[in-house]
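Raw input-v7.csv, CSV, C-alpha atoms:
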chain,number,residue,atom,x,y,z
B,1,MET,CA,23.9,32.2,10.9
B,2,VAL,CA,26.7,31.0,8.6
B,3,PRO,CA,25.7,29.1,5.4
B,4,GLY,CA,27.0,25.8,6.7
B,5,GLU,CA,24.8,25.9,9.8
B,6,LEU,CA,21.8,26.9,7.6
B,7,TRP,CA,22.3,23.9,5.3
B,8,ALA,CA,22.7,21.6,8.3
B,9,ARG,CA,19.4,22.6,9.7
B,10,LEU,CA,17.6,22.3,6.4
B,11,ARG,CA,19.0,18.7,5.9
B,12,GLN,CA,17.4,17.7,9.2
B,13,THR,CA,13.9,18.6,7.9
B,14,THR,CA,13.9,16.4,4.8
B,15,PRO,CA,15.2,13.1,3.4
B,16,ALA,CA,15.9,14.8,0.1
B,17,ARG,CA,19.6,14.9,-1.0
B,18,ILE,CA,20.5,18.6,-0.5
B,19,ALA,CA,23.7,20.3,0.6
B,20,LEU,CA,25.8,17.2,-0.1
B,21,GLY,CA,29.1,19.0,-0.2
B,22,ARG,CA,31.9,18.4,-2.6
B,23,VAL,CA,35.5,17.2,-2.8
B,24,GLY,CA,37.1,19.2,-5.6
B,25,ASN,CA,34.6,18.9,-8.5
B,26,ALA,CA,32.9,15.7,-7.2
B,27,LEU,CA,30.6,14.6,-4.5
B,28,PRO,CA,32.1,13.2,-1.3
B,29,LEU,CA,32.6,9.5,-1.4
B,30,ARG,CA,30.2,8.9,1.5
B,31,GLU,CA,27.4,10.6,-0.5
B,32,VAL,CA,28.2,8.6,-3.6
B,33,LEU,CA,28.1,5.3,-1.7
B,34,ASP,CA,24.8,6.3,0.0
B,35,PHE,CA,23.2,7.0,-3.3
B,36,GLN,CA,24.3,3.7,-4.8
B,37,LEU,CA,23.0,1.8,-1.7
B,38,ALA,CA,19.6,3.5,-2.0
B,39,HIS,CA,19.5,2.7,-5.7
B,40,ALA,CA,20.3,-1.0,-5.0
B,41,ARG,CA,17.6,-1.2,-2.4
B,42,ALA,CA,15.1,0.3,-4.8
B,43,ARG,CA,16.0,-2.2,-7.5
B,44,ASP,CA,15.8,-5.1,-5.0
B,45,ALA,CA,12.3,-4.0,-3.9
B,46,VAL,CA,11.1,-4.1,-7.5
B,47,HIS,CA,12.6,-7.5,-8.3
B,48,ALA,CA,12.2,-9.3,-5.0
B,49,ALA,CA,9.8,-12.2,-4.7
B,50,LEU,CA,7.1,-12.1,-2.0
B,51,ASP,CA,7.3,-14.9,0.6
B,52,THR,CA,3.5,-15.7,0.6
B,53,ALA,CA,3.7,-18.5,3.1
B,54,ALA,CA,5.4,-16.2,5.7
B,55,LEU,CA,2.9,-13.4,5.0
B,56,ALA,CA,-0.1,-15.8,5.4
B,57,ALA,CA,1.3,-17.0,8.7
B,58,ALA,CA,1.6,-13.4,9.9
B,59,LEU,CA,-2.0,-12.7,9.0
B,60,ALA,CA,-3.4,-15.6,11.2
B,61,PRO,CA,-6.0,-16.1,12.4
B,62,LEU,CA,-7.6,-14.4,9.3
B,63,PRO,CA,-8.5,-16.8,6.5
B,64,VAL,CA,-6.2,-16.4,3.5
B,65,LEU,CA,-6.4,-17.2,-0.3
B,66,GLN,CA,-3.2,-17.2,-2.3
B,67,LEU,CA,-3.7,-16.1,-5.9
B,68,GLU,CA,-1.8,-14.6,-8.8
B,69,SER,CA,-2.4,-12.3,-11.7
B,70,ASP,CA,-2.1,-13.3,-15.4
B,71,ALA,CA,1.5,-12.2,-15.5
B,72,PRO,CA,3.5,-15.5,-15.3
B,73,ASP,CA,6.7,-14.1,-13.9
B,74,ARG,CA,8.3,-10.9,-12.6
B,75,ALA,CA,9.9,-9.9,-15.9
B,76,THR,CA,6.6,-10.1,-17.7
B,77,TYR,CA,4.8,-8.3,-14.9
B,78,LEU,CA,7.2,-5.3,-15.2
B,79,ARG,CA,6.8,-5.2,-19.0
B,80,ARG,CA,3.1,-5.8,-19.2
B,81,PRO,CA,1.1,-3.8,-16.6
B,82,ASP,CA,-2.2,-5.0,-18.2
B,83,LEU,CA,-1.5,-8.6,-17.2
B,84,GLY,CA,-1.1,-7.6,-13.5
B,85,ARG,CA,-4.6,-6.1,-13.5
B,86,ARG,CA,-6.4,-9.4,-14.2
B,87,LEU,CA,-6.5,-12.7,-12.5
B,88,SER,CA,-5.0,-15.9,-13.8
B,89,SER,CA,-7.5,-18.5,-15.0
B,90,ARG,CA,-6.6,-20.7,-11.9
B,91,SER,CA,-7.2,-17.8,-9.5
B,92,ALA,CA,-10.5,-16.8,-11.2
B,93,ALA,CA,-11.8,-20.3,-10.9
B,94,LEU,CA,-10.8,-20.5,-7.3
B,95,LEU,CA,-12.6,-17.3,-6.4
B,96,ALA,CA,-15.7,-18.4,-8.3
B,97,GLU,CA,-15.8,-21.5,-6.1
B,98,VAL,CA,-15.4,-19.4,-2.9
B,99,GLY,CA,-17.9,-16.7,-3.8
B,100,GLY,CA,-19.8,-15.3,-0.9
B,101,GLN,CA,-20.9,-11.9,0.3
B,102,CYS,CA,-19.1,-9.4,2.6
B,103,ASP,CA,-18.8,-5.7,3.4
B,104,VAL,CA,-15.1,-5.5,2.8
B,105,ALA,CA,-12.6,-7.6,0.8
B,106,PHE,CA,-8.9,-7.1,1.5
B,107,ALA,CA,-6.3,-7.9,-1.1
B,108,ILE,CA,-2.5,-7.7,-0.5
B,109,GLY,CA,-0.5,-7.3,-3.7
B,110,ASP,CA,3.3,-7.3,-4.0
B,111,GLY,CA,3.1,-4.4,-6.5
B,112,LEU,CA,6.5,-2.7,-7.0
B,113,SER,CA,7.9,-3.3,-3.5
B,114,ALA,CA,7.6,-6.9,-2.3
B,115,THR,CA,10.1,-6.0,0.5
B,116,GLY,CA,7.7,-3.3,1.7
B,117,VAL,CA,4.8,-5.8,1.7
B,118,GLN,CA,6.8,-8.4,3.5
B,119,ALA,CA,7.9,-5.9,6.2
B,120,GLY,CA,4.6,-4.1,6.9
B,121,ALA,CA,1.5,-5.5,5.2
B,122,ALA,CA,0.5,-7.8,8.1
B,123,ARG,CA,0.7,-5.1,10.7
B,124,LEU,CA,-1.2,-2.7,8.5
B,125,LEU,CA,-4.0,-5.2,7.7
B,126,HIS,CA,-4.5,-6.2,11.4
B,127,ALA,CA,-4.7,-2.4,12.2
B,128,CYS,CA,-7.3,-2.0,9.5
B,129,VAL,CA,-9.4,-4.9,10.6
B,130,ALA,CA,-9.4,-3.5,14.2
B,131,GLU,CA,-10.9,-0.3,12.9
B,132,LEU,CA,-13.7,-2.0,11.1
B,133,GLY,CA,-15.6,-3.7,13.9
B,134,GLY,CA,-19.1,-4.7,13.0
B,135,LEU,CA,-18.4,-5.1,9.3
B,136,ALA,CA,-18.3,-8.5,7.5
B,137,ILE,CA,-14.8,-9.1,6.2
B,138,GLY,CA,-14.1,-11.7,3.5
B,139,PRO,CA,-11.1,-13.9,3.2
B,140,VAL,CA,-7.8,-12.0,2.7
B,141,VAL,CA,-6.3,-12.4,-0.7
B,142,ILE,CA,-2.6,-12.5,-1.2
B,143,ALA,CA,-1.9,-11.8,-4.9
B,144,GLN,CA,1.5,-12.1,-6.6
B,145,GLN,CA,2.5,-10.0,-9.7
B,146,ALA,CA,-0.4,-7.7,-8.7
B,147,ARG,CA,-1.4,-4.2,-9.9
B,148,VAL,CA,-3.9,-2.0,-8.0
B,149,ALA,CA,-6.8,-2.9,-10.4
B,150,LEU,CA,-6.5,-6.6,-9.6
B,151,GLY,CA,-8.6,-5.8,-6.6
B,152,ASP,CA,-11.6,-5.1,-8.8
B,153,PRO,CA,-12.2,-8.8,-10.0
B,154,VAL,CA,-11.3,-10.0,-6.5
B,155,GLY,CA,-13.8,-7.8,-4.8
B,156,GLU,CA,-16.5,-8.6,-7.4
B,157,ALA,CA,-15.9,-12.4,-7.0
B,158,LEU,CA,-16.2,-12.2,-3.2
B,159,GLY,CA,-19.4,-10.1,-3.4
B,160,ALA,CA,-17.7,-7.2,-1.5
B,161,ARG,CA,-19.4,-3.9,-1.2
B,162,VAL,CA,-15.9,-2.3,-0.9
B,163,CYS,CA,-12.5,-3.7,-1.9
B,164,VAL,CA,-9.3,-2.5,-0.2
B,165,MET,CA,-6.0,-3.2,-1.9
B,166,ILE,CA,-2.8,-3.0,0.1
B,167,ILE,CA,0.1,-2.9,-2.3
B,168,GLY,CA,3.8,-2.1,-2.4
B,169,GLU,CA,4.4,1.4,-3.8
B,170,ARG,CA,7.0,2.2,-6.4
B,171,PRO,CA,10.3,2.6,-4.5
B,172,GLY,CA,12.3,5.8,-4.5
B,173,LEU,CA,15.8,6.8,-3.5
B,174,SER,CA,14.6,7.8,0.0
B,175,VAL,CA,12.1,5.0,0.8
B,176,SER,CA,12.0,1.6,-0.8
B,177,ASP,CA,9.5,-0.2,1.5
B,178,SER,CA,6.5,2.1,1.4
B,179,LEU,CA,2.9,0.7,1.2
B,180,GLY,CA,-0.3,2.2,-0.3
B,181,ILE,CA,-4.0,1.5,0.3
B,182,TYR,CA,-6.5,1.8,-2.5
B,183,MET,CA,-10.2,1.6,-1.6
B,184,THR,CA,-12.9,1.1,-4.2
B,185,PHE,CA,-16.7,1.1,-3.6
B,186,ALA,CA,-18.6,-1.5,-5.6
B,187,PRO,CA,-15.5,-3.1,-7.2
B,188,ARG,CA,-15.8,-4.6,-10.7
B,189,PRO,CA,-13.5,-4.8,-13.7
B,190,GLY,CA,-13.3,-1.5,-15.6
B,191,ARG,CA,-13.2,0.8,-12.5
B,192,SER,CA,-10.9,3.8,-13.1
B,193,ASP,CA,-8.3,5.2,-10.7
B,194,ALA,CA,-10.6,8.2,-10.2
B,195,GLU,CA,-13.0,5.9,-8.5
B,196,ARG,CA,-10.5,4.9,-5.8
B,197,ASN,CA,-9.3,6.6,-2.6
B,198,CYS,CA,-5.6,6.3,-2.0
B,199,ILE,CA,-3.7,6.4,1.3
B,200,SER,CA,0.0,6.4,0.5
B,201,ASN,CA,3.5,6.7,2.0
B,202,ILE,CA,2.8,4.1,4.8
B,203,HIS,CA,6.1,3.0,6.2
B,204,GLY,CA,8.2,3.1,9.4
B,205,ALA,CA,10.9,5.6,8.5
B,206,GLY,CA,9.1,8.9,8.9
B,207,GLY,CA,6.0,8.0,6.8
B,208,LEU,CA,2.4,7.5,7.8
B,209,THR,CA,2.1,4.8,10.6
B,210,PRO,CA,0.0,1.7,9.9
B,211,GLU,CA,-2.3,2.7,12.8
B,212,ASP,CA,-2.9,6.3,11.4
B,213,ALA,CA,-3.5,4.9,7.9
B,214,ALA,CA,-6.0,2.4,9.4
B,215,ARG,CA,-7.9,5.2,11.1
B,216,THR,CA,-8.1,7.1,7.9
B,217,LEU,CA,-9.3,4.0,6.0
B,218,GLY,CA,-11.9,3.3,8.7
B,219,TRP,CA,-13.4,6.8,8.2
B,220,LEU,CA,-13.3,6.7,4.4
B,221,LEU,CA,-14.7,3.2,4.2
B,222,ARG,CA,-17.7,3.8,6.5
B,223,GLU,CA,-18.4,7.0,4.6
B,224,ALA,CA,-18.2,5.1,1.3
B,225,LEU,CA,-20.7,2.6,2.5
B,226,ARG,CA,-23.0,5.3,3.9
B,227,ARG,CA,-22.8,7.5,0.8
B,228,GLN,CA,-22.2,4.7,-1.8
B,229,ILE,CA,-19.3,6.5,-3.4
B,230,SER,CA,-15.5,6.4,-3.5
B,231,GLY,CA,-12.7,8.2,-5.3
B,232,VAL,CA,-12.7,11.9,-6.3
B,233,ASP,CA,-16.3,12.2,-5.0
B,234,LEU,CA,-15.3,11.2,-1.5
B,235,LYS,CA,-12.9,13.6,0.4
B,236,ASP,CA,-11.4,13.2,3.8
B,237,ASP,CA,-12.9,16.3,5.2
B,238,ARG,CA,-12.6,15.5,8.9
B,239,THR,CA,-11.7,18.5,11.1
B,240,PRO,CA,-8.0,18.1,12.1
B,241,THR,CA,-7.5,17.7,15.9
B,242,LEU,CA,-4.6,19.7,17.4
B,243,PRO,CA,-2.5,18.2,20.1
B,244,ASP,CA,-3.6,20.7,22.7
B,245,GLN,CA,-7.3,19.9,22.0
B,246,GLU,CA,-6.6,16.2,22.7
B,247,ASN,CA,-4.8,17.1,25.9
B,248,SER,CA,-7.7,19.3,27.1
B,249,ARG,CA,-10.2,16.5,26.4
B,250,ALA,CA,-8.0,14.0,28.3

Please re-express this file's structure in structure tokens.
Amino acid sequence: MVPGELWARLRQTTPARIALGRVGNALPLREVLDFQLAHARARDAVHAALDTAALAAALAPLPVLQLESDAPDRATYLRRPDLGRRLSSRSAALLAEVGGQCDVAFAIGDGLSATGVQAGAARLLHACVAELGGLAIGPVVIAQQARVALGDPVGEALGARVCVMIIGERPGLSVSDSLGIYMTFAPRPGRSDAERNCISNIHGAGGLTPEDAARTLGWLLREALRRQISGVDLKDDRTPTLPDQENSRA
């Protein structure tokens, strides 16, 4: 195999920028422009505003509450992660009025990729709800300027046994619209990241599909309720099923 053919085969296995070639001492113009486009998409994902009305419509017929963190705008949110972890006074008061008890509270946060949330959060949440038949699910919270830990006061206020935060992941130069799921048993302010289970890299361009992510969440969440734990103490130790095993059962 000649080196060019080897590099061509390797490039087919990864979205990483390898074997880009060169023109003299520089990269080819196409590769330079592709990099600049990916960088622009990543910046747009971070700074874009979430269309909460459109997202709420896509979540129908589920009941929706629209809230926000204590970060008053996007610029402050990016500079002050701590403000994105707590509710605004208006949102806290609204949740206190709603109250209630449920098995699962879902929150959708724009995070660092509002474009990813806009594109895929509704499909992901509907898939998750379909996996949780028999459990009481509270109203879905859409939170702007949200960090992962914002799910803790949301889950506590809604009386949830488990809180599930669906959030836009930090964009990269390969994927700018990826989503992550963070599950916390007995949510309350002060929970650490070690007390959460994370399912990441959920997107349509070669990542984890929403349906596969929902199945993983369904297993983890039921185990969390049964064993009353989450985070590093709860591992996804299901036995992997090979394709030929599925075919033989069929």

Skip Ala40 in chain B itself and residues of its chain fewer than 4 positions away, then list as a PyMOL selection string all residues within 12 Å of it, counting only C-alpha atoms.
chain B and resi 33-36+44-48+171-176

Report the closest atom pair, with its distance in Å rounded to one decimal, for each residue of range 147-190 of chain B that has an atom no farther than 8 Å from range 202-211 of chain B; count all atoms listed in the file, sort by chain and then rising residue number, and write it as JSON lines.
{"residue": "B:Val175", "atom": "CA", "partner": "B:Ala205", "partner_atom": "CA", "distance": 7.8}
{"residue": "B:Asp177", "atom": "CA", "partner": "B:His203", "partner_atom": "CA", "distance": 6.6}
{"residue": "B:Ser178", "atom": "CA", "partner": "B:His203", "partner_atom": "CA", "distance": 4.9}
{"residue": "B:Leu179", "atom": "CA", "partner": "B:Ile202", "partner_atom": "CA", "distance": 5.0}
{"residue": "B:Gly180", "atom": "CA", "partner": "B:Ile202", "partner_atom": "CA", "distance": 6.3}

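Going from CA of Gly155 in chain B over to CA of Gly116 in chain B, you cover 22.9 Å.
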
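CA of Arg90 in chain B to CA of Pro61 in chain B spans 24.7 Å [interatomic distance, one decimal].
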
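For the choices B:Ile18, B:Val148, B:Asn201, B:Thr216, the atom-to-atom distance to Pro189 in chain B is smallest for B:Val148 when using all atoms listed in the file.
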
What is the distance, in Å and to one decimal place, between CA of Arg191 in chain B and CA of Pro81 in chain B?
15.6 Å

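Using only C-alpha atoms, the shortest contact distance between Asp193 in chain B and any of B:Leu150, B:Ala92, B:Leu50, B:Leu83 is found at B:Leu150.
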
Nearest residue to Ile142 in chain B from the set B:Pro72, B:Gly190, B:Pro63, B:Gly159 (distances using all atoms listed in the file)
B:Pro63

Pick out the residues sitting within 10 Å of Ala8 in chain B, and hand them over as a PyMOL selection string; count only C-alpha atoms, and ignore anything fewer than 5 positions along from it in its own chain.
chain B and resi 3+13+18-20

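Among B:Ser113, B:Gln118, B:Gln101, B:Gln144, the residue with the shortest atom-to-atom distance to Arg161 in chain B, counting only C-alpha atoms, is B:Gln101.
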
So which residues touch Ser230 in chain B within 7 Å, counting only C-alpha atoms, skipping near sequence neighbours fewer than 4 positions away, as a PDB file with C-alpha atoms, keeping the file's coordinate frame?
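Final file, result-v2.pdb:
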ATOM      1  CA  THR B 184     -12.900   1.100  -4.200  1.00  0.00           C
ATOM      2  CA  PHE B 185     -16.700   1.100  -3.600  1.00  0.00           C
ATOM      3  CA  GLU B 195     -13.000   5.900  -8.500  1.00  0.00           C
ATOM      4  CA  ARG B 196     -10.500   4.900  -5.800  1.00  0.00           C
ATOM      5  CA  ASN B 197      -9.300   6.600  -2.600  1.00  0.00           C
ATOM      6  CA  ALA B 224     -18.200   5.100   1.300  1.00  0.00           C
ATOM      7  CA  LEU B 234     -15.300  11.200  -1.500  1.00  0.00           C
TER       8      LEU B 234
END

Given all atoms listed in the file, how would the per-residue table for range 122-205 of chain B near range 93-97 of chain B read, listing every residue at most 12 Å away with its closest atom pair and distance in Å to one decimal, sorted by chain and number, as JSON lines?
{"residue": "B:Gly138", "atom": "CA", "partner": "B:Leu95", "partner_atom": "CA", "distance": 11.5}
{"residue": "B:Pro139", "atom": "CA", "partner": "B:Leu95", "partner_atom": "CA", "distance": 10.3}
{"residue": "B:Val140", "atom": "CA", "partner": "B:Leu95", "partner_atom": "CA", "distance": 11.6}
{"residue": "B:Val141", "atom": "CA", "partner": "B:Leu95", "partner_atom": "CA", "distance": 9.8}
{"residue": "B:Pro153", "atom": "CA", "partner": "B:Leu95", "partner_atom": "CA", "distance": 9.2}
{"residue": "B:Val154", "atom": "CA", "partner": "B:Leu95", "partner_atom": "CA", "distance": 7.4}
{"residue": "B:Gly155", "atom": "CA", "partner": "B:Leu95", "partner_atom": "CA", "distance": 9.7}
{"residue": "B:Glu156", "atom": "CA", "partner": "B:Leu95", "partner_atom": "CA", "distance": 9.6}
{"residue": "B:Ala157", "atom": "CA", "partner": "B:Leu95", "partner_atom": "CA", "distance": 5.9}
{"residue": "B:Leu158", "atom": "CA", "partner": "B:Leu95", "partner_atom": "CA", "distance": 7.0}
{"residue": "B:Gly159", "atom": "CA", "partner": "B:Ala96", "partner_atom": "CA", "distance": 10.3}

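Among the candidates B:Ala186, B:Val117, B:Leu125, B:Ile108, the residue lying nearest to Ala60 in chain B is B:Leu125 (atoms considered: only C-alpha atoms).
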
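Remark: for Gly109 in chain B, the closest of the candidate residues B:Ile166, B:Leu6, B:Ala16, B:Ala56 is B:Ile166 (distances computed over all atoms listed in the file).
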
Complete range 46-68 of chain B with N, CA and C atoms (output as an mmCIF file, in the frame of the given file).
data_model
loop_
_atom_site.group_PDB
_atom_site.id
_atom_site.type_symbol
_atom_site.label_atom_id
_atom_site.label_comp_id
_atom_site.auth_asym_id
_atom_site.auth_seq_id
_atom_site.Cartn_x
_atom_site.Cartn_y
_atom_site.Cartn_z
ATOM 1 N N VAL B 46 11.868 -3.831 -6.266
ATOM 2 C CA VAL B 46 11.100 -4.100 -7.500
ATOM 3 C C VAL B 46 11.174 -5.541 -7.904
ATOM 4 N N HIS B 47 12.351 -6.136 -7.795
ATOM 5 C CA HIS B 47 12.600 -7.500 -8.300
ATOM 6 C C HIS B 47 12.403 -8.600 -7.319
ATOM 7 N N ALA B 48 12.290 -8.285 -6.034
ATOM 8 C CA ALA B 48 12.200 -9.300 -5.000
ATOM 9 C C ALA B 48 10.918 -10.129 -5.134
ATOM 10 N N ALA B 49 10.970 -11.375 -4.700
ATOM 11 C CA ALA B 49 9.800 -12.200 -4.700
ATOM 12 C C ALA B 49 9.151 -12.200 -3.303
ATOM 13 N N LEU B 50 7.841 -12.163 -3.263
ATOM 14 C CA LEU B 50 7.100 -12.100 -2.000
ATOM 15 C C LEU B 50 7.032 -13.535 -1.407
ATOM 16 N N ASP B 51 7.373 -13.651 -0.130
ATOM 17 C CA ASP B 51 7.300 -14.900 0.600
ATOM 18 C C ASP B 51 5.810 -15.018 1.076
ATOM 19 N N THR B 52 4.958 -15.625 0.270
ATOM 20 C CA THR B 52 3.500 -15.700 0.600
ATOM 21 C C THR B 52 3.218 -16.528 1.794
ATOM 22 N N ALA B 53 3.988 -17.586 1.990
ATOM 23 C CA ALA B 53 3.700 -18.500 3.100
ATOM 24 C C ALA B 53 3.992 -17.717 4.450
ATOM 25 N N ALA B 54 5.089 -16.971 4.505
ATOM 26 C CA ALA B 54 5.400 -16.200 5.700
ATOM 27 C C ALA B 54 4.342 -15.123 5.946
ATOM 28 N N LEU B 55 3.908 -14.473 4.868
ATOM 29 C CA LEU B 55 2.900 -13.400 5.000
ATOM 30 C C LEU B 55 1.568 -14.025 5.487
ATOM 31 N N ALA B 56 1.186 -15.162 4.930
ATOM 32 C CA ALA B 56 -0.100 -15.800 5.400
ATOM 33 C C ALA B 56 -0.002 -16.176 6.837
ATOM 34 N N ALA B 57 1.159 -16.646 7.304
ATOM 35 C CA ALA B 57 1.300 -17.000 8.700
ATOM 36 C C ALA B 57 1.170 -15.753 9.598
ATOM 37 N N ALA B 58 1.698 -14.627 9.131
ATOM 38 C CA ALA B 58 1.600 -13.400 9.900
ATOM 39 C C ALA B 58 0.206 -12.827 9.945
ATOM 40 N N LEU B 59 -0.643 -13.237 9.010
ATOM 41 C CA LEU B 59 -2.000 -12.700 9.000
ATOM 42 C C LEU B 59 -2.963 -13.566 9.848
ATOM 43 N N ALA B 60 -2.510 -14.698 10.383
ATOM 44 C CA ALA B 60 -3.400 -15.600 11.200
ATOM 45 C C ALA B 60 -3.926 -14.729 12.374
ATOM 46 N N PRO B 61 -5.173 -15.008 12.773
ATOM 47 C CA PRO B 61 -6.000 -16.100 12.400
ATOM 48 C C PRO B 61 -6.974 -15.818 11.204
ATOM 49 N N LEU B 62 -6.710 -14.761 10.444
ATOM 50 C CA LEU B 62 -7.600 -14.400 9.300
ATOM 51 C C LEU B 62 -7.470 -15.484 8.223
ATOM 52 N N PRO B 63 -8.590 -15.848 7.592
ATOM 53 C CA PRO B 63 -8.500 -16.800 6.500
ATOM 54 C C PRO B 63 -7.854 -16.133 5.265
ATOM 55 N N VAL B 64 -7.046 -16.910 4.534
ATOM 56 C CA VAL B 64 -6.200 -16.400 3.500
ATOM 57 C C VAL B 64 -6.400 -17.196 2.184
ATOM 58 N N LEU B 65 -6.472 -16.519 1.050
ATOM 59 C CA LEU B 65 -6.400 -17.200 -0.300
ATOM 60 C C LEU B 65 -5.199 -16.647 -0.986
ATOM 61 N N GLN B 66 -4.419 -17.555 -1.554
ATOM 62 C CA GLN B 66 -3.200 -17.200 -2.300
ATOM 63 C C GLN B 66 -3.481 -17.279 -3.789
ATOM 64 N N LEU B 67 -3.401 -16.127 -4.472
ATOM 65 C CA LEU B 67 -3.700 -16.100 -5.900
ATOM 66 C C LEU B 67 -2.590 -15.397 -6.655
ATOM 67 N N GLU B 68 -2.776 -15.267 -7.957
ATOM 68 C CA GLU B 68 -1.800 -14.600 -8.800
ATOM 69 C C GLU B 68 -2.484 -13.919 -9.960
#
